[in-house]
Every structure is written in structure tokens, then in C-alpha cells.
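Enquirer: This is the content of upload02.txt (compact mmCIF, C-alpha atoms):
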```txt
# COMPACT_ATOMS: atom_id res chain seq x y z
CA MET A 1 0.00 0.00 0.00
CA GLU A 2 3.04 2.25 0.10
CA ALA A 3 2.29 2.94 -3.55
CA MET A 4 -0.88 4.90 -2.72
CA LYS A 5 0.99 7.10 -0.26
CA GLU A 6 3.76 7.63 -2.78
CA LEU A 7 1.20 8.51 -5.45
CA VAL A 8 -0.48 11.22 -3.35
CA GLU A 9 2.94 12.60 -2.43
CA PHE A 10 4.08 12.63 -6.05
CA ILE A 11 0.99 14.42 -7.35
CA ALA A 12 0.93 16.94 -4.49
CA LYS A 13 4.61 17.79 -4.95
CA ALA A 14 4.04 18.48 -8.62
CA LEU A 15 1.24 20.91 -7.78
CA VAL A 16 2.70 23.06 -4.99
CA ASP A 17 5.30 25.80 -4.65
CA PHE A 18 6.85 24.23 -1.54
CA PRO A 19 7.28 20.53 -2.33
CA GLU A 20 9.59 20.04 0.67
CA GLN A 21 6.61 20.79 2.93
CA VAL A 22 4.39 18.09 1.46
CA ASP A 23 3.70 15.37 3.99
CA VAL A 24 1.47 12.31 3.71
CA LYS A 25 0.57 10.14 6.68
CA GLN A 26 -1.03 6.75 6.28
CA VAL A 27 -3.69 5.70 8.80
CA GLU A 28 -4.66 2.11 8.21
CA GLY A 29 -8.05 0.63 9.02
CA GLU A 30 -9.36 -2.87 8.41
CA ARG A 31 -10.85 -2.31 5.01
CA SER A 32 -9.84 1.23 4.28
CA ILE A 33 -6.84 3.47 4.38
CA ILE A 34 -6.83 7.15 5.13
CA LEU A 35 -4.10 9.24 3.60
CA GLU A 36 -3.66 12.55 5.38
CA LEU A 37 -2.14 15.14 3.11
CA ARG A 38 -0.48 18.20 4.59
CA VAL A 39 0.97 21.07 2.57
CA ALA A 40 2.29 24.57 3.31
CA PRO A 41 -0.60 26.97 4.15
CA GLU A 42 0.19 28.98 1.00
CA ASP A 43 -0.25 25.83 -1.07
CA MET A 44 -3.68 24.77 0.22
CA GLY A 45 -5.47 26.26 -2.75
CA LYS A 46 -3.12 24.50 -5.15
CA VAL A 47 -4.12 21.02 -3.97
CA ILE A 48 -7.81 21.87 -3.55
CA GLY A 49 -8.57 24.03 -6.58
CA LYS A 50 -11.68 26.00 -7.45
CA GLN A 51 -14.69 24.24 -5.95
CA GLY A 52 -12.41 21.39 -4.91
CA ARG A 53 -11.80 20.35 -8.51
CA ILE A 54 -8.14 19.46 -8.06
CA ALA A 55 -8.80 17.56 -4.81
CA LYS A 56 -11.57 15.64 -6.56
CA ALA A 57 -9.27 14.72 -9.46
CA ILE A 58 -6.57 13.53 -7.05
CA ARG A 59 -9.14 11.33 -5.27
CA THR A 60 -10.41 9.89 -8.56
CA VAL A 61 -6.90 8.91 -9.68
CA VAL A 62 -5.94 7.48 -6.27
CA ASN A 63 -9.18 5.49 -6.04
CA ALA A 64 -8.53 3.99 -9.46
CA ALA A 65 -5.02 2.97 -8.47
CA ALA A 66 -6.38 1.49 -5.22
CA ILE A 67 -8.65 -0.92 -7.13
CA LYS A 68 -5.54 -2.97 -7.80
CA GLU A 69 -4.89 -3.25 -4.08
CA ASN A 70 -8.50 -4.12 -3.20
CA LYS A 71 -8.79 -1.43 -0.58
CA ARG A 72 -10.72 1.76 -0.15
CA VAL A 73 -8.45 4.75 0.06
CA MET A 74 -9.56 8.11 1.35
CA VAL A 75 -7.50 11.21 0.79
CA GLU A 76 -7.99 13.90 3.41
CA ILE A 77 -6.45 17.30 3.10
CA ILE A 78 -5.55 18.52 6.57
CA GLN A 79 -5.56 22.26 7.37
CA MET B 1 16.10 25.29 -26.63
CA ILE B 2 14.89 28.61 -25.29
CA SER B 3 17.53 30.76 -23.67
CA LEU B 4 17.64 34.30 -22.33
CA GLU B 5 20.25 36.78 -21.16
CA ILE B 6 19.31 39.10 -18.37
CA SER B 7 20.93 41.78 -16.22
CA ALA B 8 20.03 43.12 -12.78
CA LYS B 9 21.70 44.54 -9.69
CA THR B 10 22.21 41.18 -8.06
CA VAL B 11 22.31 37.58 -9.26
CA GLU B 12 19.13 36.78 -7.31
CA GLU B 13 17.22 39.66 -8.86
CA ALA B 14 18.31 38.69 -12.35
CA LEU B 15 17.29 35.08 -11.70
CA ASP B 16 13.85 36.08 -10.35
CA GLU B 17 13.21 38.37 -13.28
CA GLY B 18 14.37 35.81 -15.82
CA ILE B 19 12.16 33.09 -14.33
CA LYS B 20 9.19 35.42 -14.56
CA LYS B 21 9.96 36.20 -18.20
CA LEU B 22 10.39 32.57 -19.18
CA GLY B 23 7.38 31.44 -17.18
CA VAL B 24 9.18 28.26 -16.22
CA LYS B 25 10.00 26.88 -12.79
CA LYS B 26 13.53 27.06 -11.42
CA GLU B 27 14.06 23.29 -11.62
CA ASN B 28 13.79 23.41 -15.40
CA ILE B 29 16.36 26.14 -15.89
CA GLN B 30 20.12 26.04 -16.21
CA VAL B 31 21.86 29.16 -14.91
CA GLU B 32 25.16 30.54 -16.18
CA ILE B 33 26.66 33.61 -14.55
CA LEU B 34 28.20 35.72 -17.31
CA ASN B 35 29.10 38.64 -15.07
CA GLU B 36 29.35 38.80 -11.30
CA PRO B 37 28.04 42.14 -10.08
CA SER B 38 30.66 44.52 -8.74
CA GLN B 39 30.20 47.66 -6.74
CA GLY B 40 33.13 49.61 -8.14
CA LEU B 41 35.45 51.72 -6.03
CA LEU B 42 33.06 54.57 -5.51
CA LYS B 43 29.41 53.78 -5.14
CA PHE B 44 28.37 55.13 -8.51
CA LEU B 45 31.49 54.78 -10.54
CA GLY B 46 32.28 51.57 -12.34
CA SER B 47 29.58 49.41 -10.77
CA LYS B 48 28.57 46.50 -12.97
CA PRO B 49 25.27 44.67 -12.96
CA ALA B 50 25.00 40.91 -12.69
CA LYS B 51 24.47 39.24 -16.02
CA LEU B 52 23.02 35.74 -16.37
CA ARG B 53 22.17 33.39 -19.16
CA LEU B 54 19.17 31.19 -18.44
CA THR B 55 18.46 28.14 -20.55
CA VAL B 56 15.33 26.03 -20.32
CA ILE B 57 16.76 22.54 -20.03
CA LYS B 58 13.57 20.58 -20.04
CA GLU B 59 11.27 20.81 -23.02
CA PRO B 60 7.57 20.94 -22.14
CA GLU B 61 6.94 17.66 -23.99
CA GLU B 62 9.69 15.92 -22.09
CA PHE B 63 8.46 17.27 -18.75
CA ILE B 64 4.88 16.03 -19.05
CA LYS B 65 5.94 12.71 -20.55
CA GLU B 66 8.22 12.10 -17.58
CA PHE B 67 5.45 13.10 -15.18
CA LEU B 68 3.16 10.40 -16.57
CA GLN B 69 5.94 7.80 -16.77
CA LYS B 70 6.78 8.35 -13.11
CA LEU B 71 3.10 8.14 -12.17
CA LEU B 72 2.72 4.81 -14.00
CA HIS B 73 5.84 3.52 -12.29
CA ILE B 74 4.51 4.42 -8.83
CA ILE B 75 1.26 2.53 -9.34
CA ARG B 76 3.15 -0.34 -11.00
CA LEU B 77 1.53 -0.18 -14.38
CA GLU B 78 3.45 -0.86 -17.53
CA GLY B 79 2.76 1.45 -20.40
CA ASP B 80 4.51 3.34 -23.16
CA VAL B 81 3.99 7.08 -23.16
CA SER B 82 4.26 8.90 -26.47
CA VAL B 83 3.84 12.59 -27.12
CA GLU B 84 2.99 14.66 -30.18
CA LYS B 85 2.60 18.40 -30.58
CA ASN B 86 0.34 20.30 -32.97
CA GLU B 87 0.68 23.86 -34.33
CA GLU B 88 -1.24 25.32 -31.39
CA ASP B 89 1.23 23.85 -28.89
CA ASP B 90 -1.35 21.30 -27.75
CA LEU B 91 0.34 18.13 -26.55
CA PHE B 92 -1.24 14.77 -27.35
CA LEU B 93 -0.11 12.15 -24.87
CA LYS B 94 -0.89 8.52 -25.50
CA ILE B 95 -0.43 5.70 -23.06
CA ASN B 96 -0.48 2.17 -24.41
CA GLY B 97 0.14 -1.06 -22.58
CA LYS B 98 -1.41 -3.96 -20.72
CA ASP B 99 -4.32 -3.78 -18.29
CA LEU B 100 -4.66 -0.02 -18.43
CA GLY B 101 -8.45 -0.07 -18.06
CA LEU B 102 -8.22 1.27 -14.55
CA LEU B 103 -6.61 4.43 -15.93
CA ILE B 104 -9.75 4.99 -18.00
CA GLY B 105 -12.44 4.30 -15.41
CA LYS B 106 -16.19 4.48 -15.79
CA ARG B 107 -16.99 6.58 -18.87
CA GLY B 108 -13.46 7.92 -18.90
CA ASN B 109 -13.77 9.36 -15.42
CA THR B 110 -10.25 8.48 -14.32
CA LEU B 111 -8.75 9.42 -17.67
CA ASN B 112 -10.40 12.84 -17.50
CA ALA B 113 -9.22 13.38 -13.91
CA LEU B 114 -5.68 12.45 -14.92
CA GLN B 115 -5.86 14.73 -17.95
CA TYR B 116 -7.07 17.59 -15.76
CA LEU B 117 -4.25 17.05 -13.23
CA SER B 118 -1.69 16.84 -16.04
CA ASN B 119 -2.91 20.20 -17.35
CA VAL B 120 -2.71 21.86 -13.93
CA VAL B 121 0.76 20.45 -13.20
CA PHE B 122 2.00 21.34 -16.68
CA HIS B 123 0.81 24.95 -16.61
CA ARG B 124 2.27 25.45 -13.18
CA GLN B 125 5.69 24.53 -14.56
CA PHE B 126 5.31 26.23 -17.93
CA ALA B 127 3.08 29.21 -17.21
CA CYS B 128 3.68 30.82 -20.61
CA ASN B 129 2.75 27.76 -22.63
CA LYS B 130 -0.84 28.09 -23.82
CA GLY B 131 -1.18 24.58 -25.22
CA ARG B 132 -3.50 21.98 -23.73
CA ILE B 133 -2.61 18.49 -22.63
CA LEU B 134 -4.83 15.89 -24.27
CA LEU B 135 -4.49 12.46 -22.81
CA ASP B 136 -5.52 9.12 -24.24
CA VAL B 137 -5.20 5.57 -22.99
CA GLU B 138 -5.48 2.60 -25.36
CA ASN B 139 -7.32 4.63 -28.00
CA TYR B 140 -10.25 5.19 -25.65
CA ARG B 141 -10.97 8.67 -27.02
CA LEU B 142 -11.65 7.39 -30.53
CA LYS B 143 -13.90 4.58 -29.28
CA ARG B 144 -15.75 7.02 -27.04
CA LYS B 145 -16.16 9.42 -29.96
CA LYS B 146 -17.89 6.73 -32.01
CA THR B 147 -20.15 5.82 -29.08
CA LEU B 148 -21.08 9.47 -28.54
CA GLU B 149 -21.82 10.02 -32.22
CA GLN B 150 -24.16 7.02 -32.21
CA LEU B 151 -25.76 8.23 -28.97
CA ALA B 152 -26.27 11.69 -30.47
CA LYS B 153 -28.09 10.24 -33.48
CA ASN B 154 -30.32 8.01 -31.35
CA LEU B 155 -31.25 10.82 -28.96
CA ALA B 156 -31.95 13.23 -31.83
CA LEU B 157 -34.48 10.70 -33.12
CA LYS B 158 -35.97 10.40 -29.65
CA ALA B 159 -36.30 14.18 -29.36
CA LEU B 160 -38.10 14.27 -32.70
CA ARG B 161 -40.39 11.36 -31.92
CA THR B 162 -41.44 12.64 -28.48
CA LYS B 163 -41.27 16.34 -29.50
CA LYS B 164 -39.45 16.95 -26.22
CA GLU B 165 -35.96 18.08 -25.23
CA VAL B 166 -33.48 15.38 -24.33
CA THR B 167 -30.85 16.20 -21.70
CA LEU B 168 -27.60 14.23 -21.73
CA GLU B 169 -25.43 13.40 -18.73
CA PRO B 170 -22.69 15.89 -17.72
CA MET B 171 -19.71 15.77 -20.09
CA THR B 172 -16.35 17.39 -20.56
CA PRO B 173 -16.01 20.20 -23.15
CA GLN B 174 -14.24 17.74 -25.48
CA GLU B 175 -17.14 15.29 -25.31
CA ARG B 176 -19.86 17.92 -25.63
CA ARG B 177 -18.13 19.17 -28.75
CA ILE B 178 -18.42 15.70 -30.29
CA ILE B 179 -22.21 15.75 -29.71
CA HIS B 180 -22.60 19.27 -31.14
CA LEU B 181 -20.57 18.37 -34.23
CA ALA B 182 -22.41 15.09 -34.75
CA LEU B 183 -25.73 16.95 -35.00
CA LYS B 184 -24.49 20.13 -36.68
CA ASN B 185 -25.95 19.12 -40.04
CA ASN B 186 -29.14 17.65 -38.62
CA ARG B 187 -31.88 20.14 -39.58
CA ASP B 188 -34.51 18.64 -37.29
CA VAL B 189 -32.79 19.38 -33.97
CA ILE B 190 -30.77 22.09 -32.19
CA THR B 191 -28.11 21.35 -29.61
CA SER B 192 -27.07 23.63 -26.75
CA SER B 193 -25.07 23.37 -23.51
CA HIS B 194 -26.43 24.27 -20.07
CA GLY B 195 -25.14 24.43 -16.49
CA GLU B 196 -21.74 25.03 -14.96
CA GLU B 197 -18.55 22.99 -15.33
CA PRO B 198 -17.96 20.20 -14.48
CA TYR B 199 -21.69 19.44 -14.65
CA ARG B 200 -22.40 21.13 -17.98
CA LYS B 201 -24.81 19.11 -20.13
CA VAL B 202 -25.86 19.04 -23.75
CA VAL B 203 -29.57 19.44 -24.50
CA ILE B 204 -31.00 18.25 -27.82
CA SER B 205 -34.22 20.06 -28.77
CA PRO B 206 -36.54 19.43 -31.70
CA ARG B 207 -36.76 22.40 -34.06
```
Output the file's structure in the form of C-alpha cells.
Expert:
Amino acid sequence: MEAMKELVEFIAKALVDFPEQVDVKQVEGERSIILELRVAPEDMGKVIGKQGRIAKAIRTVVNAAAIKENKRVMVEIIQ
Amino acid sequence: MISLEISAKTVEEALDEGIKKLGVKKENIQVEILNEPSQGLLKFLGSKPAKLRLTVIKEPEEFIKEFLQKLLHIIRLEGDVSVEKNEEDDLFLKINGKDLGLLIGKRGNTLNALQYLSNVVFHRQFACNKGRILLDVENYRLKRKKTLEQLAKNLALKALRTKKEVTLEPMTPQERRIIHLALKNNRDVITSSHGEEPYRKVVISPR
């Protein structure tokens, strides 16, 4: 499941101005995994987008990749 | 390769200004210092500005291709990424390989999300480039185009038969365009788009 964490990290780093401040924590449950994404305060808008469009696209791509692993993955962007 | 010479009081200022002019992120630029700034003996006499040459080392095509290759690698999918450019600087990226269905998703959902992200990432790196990124996996776009054209014809008939408007599901601008074009020469119906992105829908109305 490291791949999902790596994927969120990779996409987030490509979107922000401060890639060194991107941090993803993995919280594992029985059937699902929560990936907590933290970025620099200035970069919040860059991973969320207008009306959450970027965040939604990140979730769509991550969910697709997670099908392979047979788990539900939730991406949460932490303030 | 694009390159630019620029002068300013300090090296940092010249670099900042040059980056702004090129509209490219620092990571994609090679910096050569042609002249170190010097103050001169007296403050105003003989002071020289810093002069730099900035060269864009990564071509836009190469950048976005690498982005997708790395992404495939992370999720352990094997696929070849190819890239083509048209006159308007649009980049057509094609991914072909085995078991790539999950990159397409239901009605191209995943493919469209990935295309959207690629565009955002790309324009953040190359702010001056006005071209779009158009992504395709295993020729899905062409197959989808044929399906949409057939759908458009069927629904135009339905609109005529029932004498009522038919509203389609939300689609991307690319897909709506296919519907509009498919019915452009149909004199019995009119097509129009309604609503806000990303929920904008095509409506087919009998004339």
C-alpha cells in the first residue's frame, strides 16, 4: 500500500510551490486506508482548486489505483 | 532550446526576473553567470550589474511525458507514453500497454481526472505555454467518440419522436463538442449546452 501514499505525495509535490513541505501520513483501518495530506498553508489552494476540482481529481486517480490493491483509500487534506 | 540573457543589480534579482519572463520553474532552468556584479570603487562609478544566461533545459513535452511515466511507475503499471505536438502547442499524450483499463475508469472518469491534473501540473511549470494536454489511454478517445456520435443520433431521433428536449449526462467540453458536431448538419434538432462545469450538459431540442 506504500504505492498509494507515494502517489499522493508525487501528485501533491508536482502541484505546490513548496514541495519540501508536502507530507502524507497513512492511517490504516481494516478495510480502508486514510491518507492525510499536509501542505504549506500557501499551497492549500493548489491542492484543492476551485470548488475542490483538483482535490476531486486527485481522489479519482488514487481510487482507481487502489482498485488494484483491493482497498478503499480516502484522501484527506488537513488544514 | 529557449535561452535568455538578463541583467540586474544582483544575481538573485536577475534570476527572479528571468524566471518570470520565461514562465518556467527554477528546476527546469540552467543558470550561467556571465558577469558577477561589482560595486566599483566609488558607489556610482564603475559598478557593474549581474548578467546571467538562463536556458530552459527541459522541453515541455519531455516534462509532461516524464510526469506520466513516473506516475505509472509508482502505481506499478506498464505502459509506453508517447507525445505529439500540434501547431497550437497542444500536446497529445498517449499511453499504451497492458491492463490499463483502470486508468480509463467508468466513462473515462479516471482518464479525465488524470488529464485535468496533467494540465494543472503542466501549466504550473510552464506558465507561458498556452497549449493543452490531451491524454488518451489505449485509444479510448476514438472509441468514445464513435459511441457518442451514435448516442447523439439516437437521442436526436428520440427528441423528434417525443417532441421533447433530451438532456444528456454531464460531459467534458471535449465530449460535448463531439455531440454538437455530430448533430451540426441535422436540420430537425438544435443542440445547446447548459449548467456550470464540471456538470455542464448538452440538451438536444426538436426544431
Enquirer: Could you write out as a list in words the residues of chain A within 9 Å of chain B, counting all atoms listed in the file?
Expert: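 Listing them in order of chain and number gives Ala3, Met4, Glu6, Leu7, Phe10, Ile11, Ala14, Leu15, Val16, Arg53, Ile54, Lys56, Ala57, Ile58, Arg59, Thr60, Val61, Asn63, Ala64, Ala65, Ala66, Ile67 and Lys68 of chain A.
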Enquirer: Counting all atoms listed in the file, write as an MDAnalysis selection string all protein and nucleic acid residues lying at most 12 Å from (-1.6, 27.7, 1.9) in the file's frame.
Expert: chainID A and resid 16:18 21:22 38:49 77:79
Enquirer: Just the number, please: distance in Å from atom CA of Lys26 of chain B to atom CA of Lys9 of chain B, one decimal.
Expert: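 Taking atom CA of Lys26 of chain B as the start and atom CA of Lys9 of chain B as the end point, the length is 19.4 Å.
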Enquirer: Rounded to one decimal place, report the atom CA of Asn119 of chain B-atom CA of Ile133 of chain B distance in Å.
Expert: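 Interatomic distance here is 5.6 Å.
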Enquirer: Any chance you could work out the axis-aligned box around segment 79-93 of chain B, listed atoms only, 5 Å on each side, giving centre and edge lengths in Å to one decimal, as lines of an AutoDock Vina configuration file?
Expert:
```
center_x = 1.6
center_y = 13.4
center_z = -27.4
size_x = 15.9
size_y = 33.9
size_z = 23.9
```
Enquirer: Could you give me, as a PyMOL selection string, the residues within 12 Å of Gln26 of chain A, counting only C-alpha atoms and dropping anything in the same chain fewer than 4 positions from it?
Expert: chain A and resi 1-6+8-9+32-38+73-76
Enquirer: Suppose you want the space between atom CA of Ile204 of chain B and atom CA of Leu134 of chain B; what is it in Å?
Expert: 26.5 Å
Enquirer: Give the answer as one residue: which of B:Ser192, B:Asn35, B:Ser3, B:Gln150 has the shortest atom-to-atom distance to Val56 of chain B, using only C-alpha atoms?
Expert: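 Smallest separation from Val56 of chain B among the options: B:Ser3.
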Enquirer: Write out as a PyMOL selection string the residues lying within 9 Å of Val81 of chain B, counting only C-alpha atoms and excluding same-chain residues fewer than 3 positions away.
Expert: chain B and resi 65-66+68-69+93-96
Enquirer: Between B:Ile29, B:Thr55, B:Thr162, B:Ala156, which has the minimum distance to Asn185 of chain B (counting all atoms listed in the file)?
Expert: B:Ala156
Enquirer: Using all atoms listed in the file, determine which residues lie at most 10 Å from Lys98 of chain B, disregarding the query and same-chain residues fewer than 6 positions distant; provide the list as a PyMOL selection string.
Expert: chain B and resi 77-80+138
Enquirer: Applying 9 Å and all atoms listed in the file, which residues near Pro49 of chain B remain after dropping the ones on its own chain fewer than 5 positions away? List them as a list of chain:residue names.
Expert: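 Counting only the stated atoms, we get B:Ser7, B:Ala8, B:Lys9, B:Thr10, B:Val11, B:Asn35, B:Glu36, B:Pro37, B:Ser38, B:Gln39.
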Enquirer: For the residues selected in the previous step, produce a file with C-alpha atoms as a short mmCIF file (atom, residue, chain, number, x, y, z; two decimals), keeping the file's coordinate frame.
Expert:
```
data_model
loop_
_atom_site.label_atom_id
_atom_site.label_comp_id
_atom_site.auth_asym_id
_atom_site.auth_seq_id
_atom_site.Cartn_x
_atom_site.Cartn_y
_atom_site.Cartn_z
CA SER B 7 20.93 41.78 -16.22
CA ALA B 8 20.03 43.12 -12.78
CA LYS B 9 21.70 44.54 -9.69
CA THR B 10 22.21 41.18 -8.06
CA VAL B 11 22.31 37.58 -9.26
CA ASN B 35 29.10 38.64 -15.07
CA GLU B 36 29.35 38.80 -11.30
CA PRO B 37 28.04 42.14 -10.08
CA SER B 38 30.66 44.52 -8.74
CA GLN B 39 30.20 47.66 -6.74
#
```
Enquirer: Counting only C-alpha atoms, which residue out of A:Lys50, A:Ala55, A:Gly29, A:Arg72 sits closest to Ala12 of chain A?
Expert: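 Of the candidates, the smallest distance to Ala12 of chain A is held by A:Ala55.
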